[in-house]
6 protein chains.
Amino acid sequence: MSGVVITGCPRVPDEVRDRFDAFGVATVHEAQGRTGQLASSMRPIYPGARAVGTAVTVSMAPCDNWMLHVAAEQCRPGDIVVAAPTSPSDAGYFGELLATSLAARGVRGLVIEAGVRDVKELQAMGFPVWSRAINAQGAVKETLGSVNIPLVCAGQLVHPGDLIVADDDGVVVVPRLQAEIVAKTSAEREAREAVNRARLKAGELGLDIYAMREKLAAKGLVYRPFEAA
Amino acid sequence: MSGVVITGCPRVPDEVRDRFDAFGVATVHEAQGRTGQLASSMRPIYPGARAVGTAVTVSMAPCDNWMLHVAAEQCRPGDIVVAAPTSPSDAGYFGELLATSLAARGVRGLVIEAGVRDVKELQAMGFPVWSRAINAQGAVKETLGSVNIPLVCAGQLVHPGDLIVADDDGVVVVPRLQAEIVAKTSAEREAREAVNRARLKAGELGLDIYAMREKLAAKGLVYRPFEAA
Amino acid sequence: MSGVVITGCPRVPDEVRDRFDAFGVATVHEAQGRTGQLASSMRPIYPGARAVGTAVTVSMAPCDNWMLHVAAEQCRPGDIVVAAPTSPSDAGYFGELLATSLAARGVRGLVIEAGVRDVKELQAMGFPVWSRAINAQGAVKETLGSVNIPLVCAGQLVHPGDLIVADDDGVVVVPRLQAEIVAKTSAEREAREAVNRARLKAGELGLDIYAMREKLAAKGLVYRPFEAA
Amino acid sequence: MSGVVITGCPRVPDEVRDRFDAFGVATVHEAQGRTGQLASSMRPIYPGARAVGTAVTVSMAPCDNWMLHVAAEQCRPGDIVVAAPTSPSDAGYFGELLATSLAARGVRGLVIEAGVRDVKELQAMGFPVWSRAINAQGAVKETLGSVNIPLVCAGQLVHPGDLIVADDDGVVVVPRLQAEIVAKTSAEREAREAVNRARLKAGELGLDIYAMREKLAAKGLVYRPFEAA
Amino acid sequence: MSGVVITGCPRVPDEVRDRFDAFGVATVHEAQGRTGQLASSMRPIYPGARAVGTAVTVSMAPCDNWMLHVAAEQCRPGDIVVAAPTSPSDAGYFGELLATSLAARGVRGLVIEAGVRDVKELQAMGFPVWSRAINAQGAVKETLGSVNIPLVCAGQLVHPGDLIVADDDGVVVVPRLQAEIVAKTSAEREAREAVNRARLKAGELGLDIYAMREKLAAKGLVYRPFEAA
Amino acid sequence: MSGVVITGCPRVPDEVRDRFDAFGVATVHEAQGRTGQLASSMRPIYPGARAVGTAVTVSMAPCDNWMLHVAAEQCRPGDIVVAAPTSPSDAGYFGELLATSLAARGVRGLVIEAGVRDVKELQAMGFPVWSRAINAQGAVKETLGSVNIPLVCAGQLVHPGDLIVADDDGVVVVPRLQAEIVAKTSAEREAREAVNRARLKAGELGLDIYAMREKLAAKGLVYRPFEAA
């Protein structure tokens with residue numbers, strides 16, 4: 001099953017992709033029914049990192065980064081590389097040279113369920129990475145993997161061409177064919193939240209805004225003064 | 001035992017609380033006999049975060065943030081919300097909207113043995129959080145918990161009204177009735193350290209300042225030149 | 001075996017040590033054959049930390065920082081203290097006062113397989129630390145350990161006088177007698193990478209620069225268009 | 001606060017304690033409203049371990065088992081020792097000699113948020129232990145702790161004299177003054193479950209026994225044949 | 001996307017499924033090209049557990065085991081339930097009562113990326129479970145999930161009707177349509193291994209049996225006597 | 001530095017090795033001054049495992065078990081193979097076939113800072129293994145490592161020919177040239193413990209046997225009756 005590169009994968013259209021520039025990871029995750037969030041062990045390697053793009057998936061042998069070079073050729077401007085080893089390992093599969101190559105092809109970032117290195121250089125380049133670890137330990141180039149096959153990365157299934165949104169809160173994947181509708185529901189959610197934010201800021205309570213008091217009472221919530229506790 | 005909100009809890013008095021503005025977490029922890037430190041897995045979500053306040057405690061069902069809304073109503077200016085799920089889970093229970101609500105009531109921060117989201121927005125608001133994880137994964141509002149009951153959070157027992165100090169070094173809790181004496185011993189410790197700092201900076205050794213040489217010799221410490229090793 | 005301080009250990013010569021100022025951790029690790037990298041759990045306590053120096057090793061009883069005071073006397077300008085407890089424990093063994101003492105002796109940083117505290121103060125002083133944890137929990141001074149004996153720290157063997165390079169990517173150790181040759185191979189690697197970086201930046205692929213296509217084909221890599229997948 | 005031994009603590013009465021011989025950890029935990037379960041990292045050191053007893057609590061310095069000797073004197077037949085270090089450490093604080101001493105005093109087991117050793121000997125003696133780790137690494141006897149103070153162990157607050165039930169499923173604590181009522185609700189729960197067990201064994205579905213179908217439909221659960229998926 | 005039960009899913013045919021009774025997890029995993037292995041954190045709750053069956057998948061809200069009751073109705077003899085929460089949580093979702101229900105329907109075991117309880121009873125029943133944790137902590141029944149949708153469990157994608165093999169080595173999934181071919185390659189592998197086993201037992205070296213010496217030399221392996229080291 | 005096999009390494013003499021048959025891991029670890037214990041994450045793959053032997057060390061590329069075949073040729077009766085990957089990875093490097101080969105050469109067990117598989121078969125063969133994980137995930141044979149070089153395994157430095165003792169409590173290494181003296185101090189410790197065990201069994205307290213009361217009082221230990229607490 002490994003040793004295959006799928007070429008010419010369809011992506012979320014550029015204009016749909018670009019509508020996600022307006023939304024954070026949490027919003028998108030909620031807007032598609034609280035799904036698609038990668039494990040919270042996936043963290044940006046520097047604060048303020050943010051990327052929106054279409055997935056090029058890479059399945060690698062553990063501690064082997066050969067397929068990242070293979071994947072580079074398959075990337076188009078607006079892509080994000082999503083990579084995972086077939087067995088857990090947090091070595092450093094990626095650094096400044098590979099980032100230079102990807103950036104030259106218009107790639108917007110990397111999501112990797114493993115380790116990366118050259119953090120300072122990547123930050124200076126503005127090439128964002130979300131990873132499980134930062135690790136200078138090098139990788140080899142000995143064993144084949146695959147590019148653009150469906151991939152489980154940090155607990156989520158990612159297909160090539162899916163939409164990826166990543167920021168300080170982590171990484172979320174939106175299936176390609178749902179991207180348009182999720183963009184719409186994300187915008188609606190943002191609008192709703194703007195109203196609630198203003199009310200909360202003014203001192204109104206969520207208990208009242210969201211009409212929770214009755215439901216809480218129905219569940220049996222009781223209030224007791226401290227003296228009687 | 002769950003489904004209870006204790007109202008009108010006494011707090012550490014404002015003027016005692018404010019004396020802790022001068023002390024870091026490490027100082028307070030030492031000054032009360034090396035107790036009260038929450039587990040080191042509790043980290044600030046952005047660098048430079050710092051808060052001093054009185055605890056409003058929240059016991060939540062796992063992946064359920066309903067009680068944070070209930071707790072908001074119990075908060076007064078100068079409080080810090082201290083929350084933990086009844087079973088470990090690092091989902092994101094808290095974000096920018098809840099922070100807006102708490103900030104509107106004068107709350108100074110959140111300590112949560114779980115996950116939070118909207119990191120960028122929380123930093124922009126200056127609303128500090130100490131948590132085990134950053135995670136966009138949403139929570140539900142289905143099951144009751146309790147507010148202002150004694151709570152074990154990250155390995156420490158916290159009562160409502162206890163004093164919380166949190167900074168880059170983590171979080172420490174000071175029992176309400178001990179806060180005044182701990183403020184005093186913290187100040188004394190700071191004064192002592194100022195003297196020692198000056199001597200260490202001038203090149204004196206801790207071995208001499210703290211008169212350790214004799215004790216070390218008594219325990220059997222030996223010095224051997226490298227050639228003889 | 002514990003309770004020994006080895007004095008007068010030889011170090012990597014200053015002029016060899018200073019040649020490493022030009023190299024990052026990843027480069028040095030690769031240049032010595034992908035060895036010497038400490039576990040990726042060893043992280044700088046603030047971003048941008050970097051240090052190059054010669055190791056003074058400290059083996060401590062768990063939760064006991066007495067030997068750090070003993071070690072201070074053995075330090076010379078240009079040293080880095082490398083410390084590990086004999087049994088895992090992430091308490092805070094080190095803070096601002098000890099850092100003041102070490103800085104006064106010209107020490108350039110600390111690598112500790114445990115916890116530290118006073119992060120804000122250490123950053124303000126510019127005293128870098130690489131550790132497994134940040135933790136205000138204090139340590140005692142009751143049990144002897146040893147200074148300048150061979151030490152396993154975060155999975156790597158460190159001898160006194162070995163060269164340490166530490167930056168945002170982690171920590172690498174270079175055995176004392178190999179430092180000169182590793183400086184040379186590091187410089188050669190940097191030169192090679194400069195050429196490749198320019199080609200990658202210009203849009204050439206690693207597949208072509210490193211002549212990988214034939215090897216990949218020999219291993220059996222196949223390309224299939226999406227429609228046929 | 002450390003360095004104190006509280007003597008003569010009241011315990012759950014023997015006849016109440018003995019009623020828990022009939023109940024597993026899961027039953028007791030449910031019967032007191034899903035509270036009191038220690039963290040799932042607390043595992044028996046051999047299969048089939050089970051103990052019911054009254055808590056003697058021990059707060060120890062990390063990697064220091066001195067207070068276990070102090071605690072032995074405070075134990076009575078029917079007790080279980082519940083111990084935790086003041087800072088996390090998984091060294092081996094307890095082995096066959098201490099177990100011999102405790103067994104001679106009628107102690108029924110140990111619950112320790114740390115490590116133990118001599119697993120084979122403890123199993124041969126029939127002295128059960130629940131711990132976070134098995135570790136031969138020895139402890140020192142240098143620093144005071146306390147006996148029979150309230151203790152947070154593996155995330156739960158334990159008072160001296162509380163009831164402890166431990167088996168293959170883990171460890172649960174029942175507050176002393178609630179033990180009698182929890183014994184009663186545990187028995188009721190067991191009776192209810194016996195009825196349901198028989199119905200489930202006969203092939204009835206939980207959906208019907210617990211009348212879940214209507215509630216599920218009200219929440220919106222839909223059924224779709226595979227062909228239409 | 002949640003709140004859906006897919007009914008009438010096709011399974012690997014019984015006679016194909018039964019051919020896997022002859023193979024261990026490691027053999028099957030190798031026979032399908034080293035794929036399909038669930039994370040090694042998935043362990044049997046008692047030694048000697050083994051099960052072969054067809055997957056009924058269950059996506060649950062965290063700490064909510066409602067959907068396991070819903071799934072029971074969808075099970076047929078020869079099935080194995082494969083369950084995962086939508087956000088990580090190791091509470092105890094499953095115990096003896098649910099096992100009684102599943103066993104009554106001919107279910108052969110449970111694979112769950114979470115916790116279970118009643119270990120002793122499950123072992124006595126001979127109902128095997130592979131899980132991340134053993135935990136008495138109870139779950140609620142408040143939030144919908146889904147049954148028989150594609151599910152990521154412990155890092156692997158599982159479809160309803162896929163083949164599951166689980167034993168002391170862990171859990172492997174075989175996609176439904178590949179089961180027949182994997183049964184064949186598993187048998188071939190076993191046959192090959194029987195020959196090699198006999199030769200190895202007779203003292204021949206793998207170096208010779210697998211003709212490794214030349215390849216090792218080509219890669220540059222050198223032998224040096226200890227004296228010259 | 002990798003790609004080297006050191007041949008003809010000296011071992012702890014057979015008659016010294018055999019004297020350790022009488023001692024458990026904890027005894028040996030204490031007898032050499034509480035050193036040499038491997039990390040507690042190293043667990044036997046089945047209960048009751050025990051082995052005493054001389055180390056053949058193996059440094060492997062991550063997820064690559066080629067060097068285990070190379071090491072087999074270097075083994076003599078009475079050896080224990082001690083292996084670690086150069087970067088952490090818990091895949092299954094070892095199973096029944098390799099065990100058959102090693103057993104045919106008189107090897108007594110394996111200590112590996114990684115994963116193994118075929119647990120049931122290894123237990124049936126009586127070939128004990130101490131590992132970090134059980135994992136069916138296979139390894140490749142692509143990259144050289146080294147045999148019989150000094151190796152850090154699970155936090156301890158192991159040289160070829162060192163003595164290894166492993167049992168239910170974990171693994172301890174004794175440096176080759178210290179083995180004779182450690183055998184002697186182990187026997188002395190066992191003799192001392194026999195006396196204390198008898199006294200403890202008879203109900204004497206450690207407080208009295210080890211004359212701790214005075215020291216505890218000197219440190220400030222106080223006793224308070226419960227009523228006064």
# chains A, B, ... in the order shown; residues from 1 in each chain; ligands from 1
$ closest_atom_pairs --of "range 16-122 of chain D" --to "range 151-164 of chain B" --cutoff "12 Å" --atoms "only C-alpha atoms" --output "Markdown table"
| residue | atom | partner | partner_atom | distance |
| --- | --- | --- | --- | --- |
| D:Thr35 | CA | B:Leu151 | CA | 11.9 |
| D:Gly36 | CA | B:Val152 | CA | 11.1 |
| D:Leu38 | CA | B:Gly155 | CA | 11.3 |
| D:Ala39 | CA | B:Gly155 | CA | 10.7 |
| D:Ala84 | CA | B:Gly155 | CA | 10.6 |
| D:Pro85 | CA | B:Gly155 | CA | 11.1 |
| D:Thr86 | CA | B:Gly155 | CA | 9.7 |
| D:Ser87 | CA | B:Gly155 | CA | 9.7 |
| D:Pro88 | CA | B:Gly155 | CA | 9.9 |
| D:Glu113 | CA | B:Gly155 | CA | 11.1 |
$ write_last_selection --atoms "N, CA, C and O atoms" --output "PDB file, in the first residue's frame"
ATOM      1  N   THR D  35     -18.118   9.811  42.665  1.00  0.00           N
ATOM      2  CA  THR D  35     -17.009  10.581  43.240  1.00  0.00           C
ATOM      3  C   THR D  35     -16.048   9.623  43.938  1.00  0.00           C
ATOM      4  O   THR D  35     -16.358   8.457  44.176  1.00  0.00           O
ATOM      5  N   GLY D  36     -14.878  10.137  44.240  1.00  0.00           N
ATOM      6  CA  GLY D  36     -13.951   9.423  45.096  1.00  0.00           C
ATOM      7  C   GLY D  36     -12.955   8.512  44.400  1.00  0.00           C
ATOM      8  O   GLY D  36     -12.068   7.947  45.048  1.00  0.00           O
ATOM      9  N   LEU D  38      -9.739   7.434  42.625  1.00  0.00           N
ATOM     10  CA  LEU D  38      -8.390   7.951  42.408  1.00  0.00           C
ATOM     11  C   LEU D  38      -8.028   7.838  40.925  1.00  0.00           C
ATOM     12  O   LEU D  38      -8.644   7.078  40.180  1.00  0.00           O
ATOM     13  N   ALA D  39      -7.004   8.584  40.496  1.00  0.00           N
ATOM     14  CA  ALA D  39      -6.599   8.582  39.084  1.00  0.00           C
ATOM     15  C   ALA D  39      -6.327   7.163  38.610  1.00  0.00           C
ATOM     16  O   ALA D  39      -5.831   6.321  39.357  1.00  0.00           O
ATOM     17  N   ALA D  84       1.572   9.702  49.698  1.00  0.00           N
ATOM     18  CA  ALA D  84       1.909  10.485  48.500  1.00  0.00           C
ATOM     19  C   ALA D  84       3.083  11.392  48.817  1.00  0.00           C
ATOM     20  O   ALA D  84       3.162  11.936  49.912  1.00  0.00           O
ATOM     21  N   PRO D  85       4.004  11.556  47.855  1.00  0.00           N
ATOM     22  CA  PRO D  85       5.094  12.520  48.047  1.00  0.00           C
ATOM     23  C   PRO D  85       4.586  13.940  47.801  1.00  0.00           C
ATOM     24  O   PRO D  85       3.587  14.132  47.095  1.00  0.00           O
ATOM     25  N   THR D  86       5.278  14.915  48.373  1.00  0.00           N
ATOM     26  CA  THR D  86       4.841  16.311  48.192  1.00  0.00           C
ATOM     27  C   THR D  86       5.188  16.853  46.813  1.00  0.00           C
ATOM     28  O   THR D  86       4.717  17.930  46.438  1.00  0.00           O
ATOM     29  N   SER D  87       6.018  16.140  46.072  1.00  0.00           N
ATOM     30  CA  SER D  87       6.335  16.508  44.689  1.00  0.00           C
ATOM     31  C   SER D  87       6.457  15.195  43.925  1.00  0.00           C
ATOM     32  O   SER D  87       7.019  14.234  44.437  1.00  0.00           O
ATOM     33  N   PRO D  88       5.919  15.129  42.691  1.00  0.00           N
ATOM     34  CA  PRO D  88       5.847  13.827  42.014  1.00  0.00           C
ATOM     35  C   PRO D  88       7.216  13.143  41.871  1.00  0.00           C
ATOM     36  O   PRO D  88       8.199  13.787  41.503  1.00  0.00           O
ATOM     37  N   GLU D 113       0.983   7.050  45.712  1.00  0.00           N
ATOM     38  CA  GLU D 113       1.106   7.773  44.439  1.00  0.00           C
ATOM     39  C   GLU D 113       2.589   7.921  44.109  1.00  0.00           C
ATOM     40  O   GLU D 113       3.144   9.024  44.089  1.00  0.00           O
TER      41      GLU D 113
END
$ residues_around --residues "Val182 in chain D" --least-positions-apart "4" --cutoff "7 Å" --atoms "only C-alpha atoms" --output "list in words"
Ala31, Gln32, Gln178 and Ser186 of chain D
$ interface_residues --of "chain D" --to "chain E" --cutoff "8 Å" --atoms "only C-alpha atoms" --output "ChimeraX atom specification"
/D:25-26,29-30,34-35,37,39-40,48,168-170,193,196-197,200-207,216,219-226,229
$ atom_distance --atom1 "CA of Val28 in chain D" --atom2 "CA of Trp130 in chain D"
17.3 Å
$ select_by_dssp --residues "range 8-207 of chain D" --states "strand (DSSP E or B)" --output "PyMOL selection string"
chain D and resi 37+43-44+51-60+64+79-85+92+110-116+129-134+140+146-147+151-153+156-158+163-167+170-174
$ decode --residues "range 172-202 of chain B" --atoms "N, CA, C and O atoms" --output "CSV table (one decimal), in the first residue's frame"
chain,number,residue,atom,x,y,z
B,172,VAL,N,0.1,28.8,42.7
B,172,VAL,CA,0.2,28.4,44.1
B,172,VAL,C,-1.1,28.8,44.8
B,172,VAL,O,-1.6,29.9,44.5
B,173,VAL,N,-1.6,28.0,45.7
B,173,VAL,CA,-2.8,28.3,46.4
B,173,VAL,C,-2.4,28.5,47.9
B,173,VAL,O,-1.6,27.8,48.5
B,174,VAL,N,-2.9,29.6,48.5
B,174,VAL,CA,-2.7,29.9,49.9
B,174,VAL,C,-4.1,29.8,50.6
B,174,VAL,O,-5.0,30.5,50.3
B,175,PRO,N,-4.2,28.9,51.6
B,175,PRO,CA,-5.5,28.8,52.3
B,175,PRO,C,-5.9,30.2,52.9
B,175,PRO,O,-5.1,30.9,53.4
B,176,ARG,N,-7.2,30.4,52.8
B,176,ARG,CA,-7.7,31.8,53.2
B,176,ARG,C,-7.2,32.3,54.5
B,176,ARG,O,-6.7,33.4,54.6
B,177,LEU,N,-7.3,31.4,55.5
B,177,LEU,CA,-7.0,31.9,56.9
B,177,LEU,C,-5.5,32.0,57.1
B,177,LEU,O,-5.0,32.6,58.1
B,178,GLN,N,-4.7,31.5,56.2
B,178,GLN,CA,-3.2,31.6,56.3
B,178,GLN,C,-2.6,32.8,55.5
B,178,GLN,O,-1.4,33.0,55.5
B,179,ALA,N,-3.5,33.4,54.7
B,179,ALA,CA,-3.0,34.4,53.7
B,179,ALA,C,-2.2,35.5,54.4
B,179,ALA,O,-1.1,35.9,53.9
B,180,GLU,N,-2.7,36.0,55.5
B,180,GLU,CA,-2.0,37.1,56.2
B,180,GLU,C,-0.6,36.8,56.6
B,180,GLU,O,0.3,37.5,56.4
B,181,ILE,N,-0.5,35.6,57.3
B,181,ILE,CA,0.8,35.2,57.8
B,181,ILE,C,1.7,34.9,56.6
B,181,ILE,O,3.0,35.2,56.7
B,182,VAL,N,1.2,34.3,55.6
B,182,VAL,CA,2.1,34.0,54.4
B,182,VAL,C,2.6,35.3,53.7
B,182,VAL,O,3.7,35.3,53.2
B,183,ALA,N,1.7,36.3,53.7
B,183,ALA,CA,2.2,37.6,53.1
B,183,ALA,C,3.4,38.1,53.9
B,183,ALA,O,4.3,38.6,53.4
B,184,LYS,N,3.3,37.9,55.2
B,184,LYS,CA,4.4,38.4,56.1
B,184,LYS,C,5.7,37.6,55.9
B,184,LYS,O,6.7,38.2,55.7
B,185,THR,N,5.5,36.3,55.9
B,185,THR,CA,6.8,35.5,55.7
B,185,THR,C,7.3,35.6,54.3
B,185,THR,O,8.5,35.5,54.1
B,186,SER,N,6.4,35.9,53.3
B,186,SER,CA,6.9,36.1,51.9
B,186,SER,C,7.8,37.4,51.9
B,186,SER,O,8.9,37.4,51.3
B,187,ALA,N,7.3,38.4,52.6
B,187,ALA,CA,8.1,39.7,52.6
B,187,ALA,C,9.4,39.5,53.3
B,187,ALA,O,10.4,40.0,52.8
B,188,GLU,N,9.4,38.7,54.4
B,188,GLU,CA,10.7,38.5,55.1
B,188,GLU,C,11.6,37.7,54.2
B,188,GLU,O,12.8,38.0,54.2
B,189,ARG,N,11.1,36.7,53.5
B,189,ARG,CA,12.0,35.9,52.6
B,189,ARG,C,12.6,36.8,51.5
B,189,ARG,O,13.8,36.7,51.2
B,190,GLU,N,11.8,37.7,50.9
B,190,GLU,CA,12.3,38.6,49.9
B,190,GLU,C,13.4,39.4,50.4
B,190,GLU,O,14.4,39.7,49.7
B,191,ALA,N,13.2,39.9,51.6
B,191,ALA,CA,14.3,40.8,52.2
B,191,ALA,C,15.6,40.0,52.4
B,191,ALA,O,16.7,40.5,52.1
B,192,ARG,N,15.5,38.8,52.9
B,192,ARG,CA,16.6,37.9,53.1
B,192,ARG,C,17.3,37.6,51.8
B,192,ARG,O,18.5,37.7,51.7
B,193,GLU,N,16.5,37.4,50.8
B,193,GLU,CA,17.1,37.0,49.5
B,193,GLU,C,17.8,38.2,48.8
B,193,GLU,O,18.8,38.0,48.1
B,194,ALA,N,17.3,39.4,49.1
B,194,ALA,CA,18.0,40.6,48.5
B,194,ALA,C,19.4,40.7,49.0
B,194,ALA,O,20.3,41.0,48.2
B,195,VAL,N,19.6,40.4,50.3
B,195,VAL,CA,21.0,40.4,50.8
B,195,VAL,C,21.8,39.4,50.1
B,195,VAL,O,22.9,39.6,49.7
B,196,ASN,N,21.3,38.2,50.1
B,196,ASN,CA,22.1,37.1,49.5
B,196,ASN,C,22.4,37.3,48.0
B,196,ASN,O,23.4,37.0,47.5
B,197,ARG,N,21.4,37.9,47.3
B,197,ARG,CA,21.6,38.1,45.9
B,197,ARG,C,22.7,39.0,45.6
B,197,ARG,O,23.6,38.8,44.8
B,198,ALA,N,22.8,40.1,46.5
B,198,ALA,CA,23.9,41.0,46.3
B,198,ALA,C,25.3,40.3,46.5
B,198,ALA,O,26.2,40.5,45.8
B,199,ARG,N,25.3,39.5,47.6
B,199,ARG,CA,26.6,38.8,47.8
B,199,ARG,C,27.0,37.8,46.7
B,199,ARG,O,28.1,37.7,46.3
B,200,LEU,N,26.0,37.1,46.2
B,200,LEU,CA,26.2,36.1,45.1
B,200,LEU,C,26.7,36.9,43.9
B,200,LEU,O,27.6,36.4,43.2
B,201,LYS,N,26.0,38.0,43.6
B,201,LYS,CA,26.4,38.8,42.5
B,201,LYS,C,27.8,39.3,42.5
B,201,LYS,O,28.5,39.4,41.5
B,202,ALA,N,28.3,39.5,43.8
B,202,ALA,CA,29.6,40.0,44.0
B,202,ALA,C,30.6,38.9,43.9
B,202,ALA,O,31.8,39.1,44.0
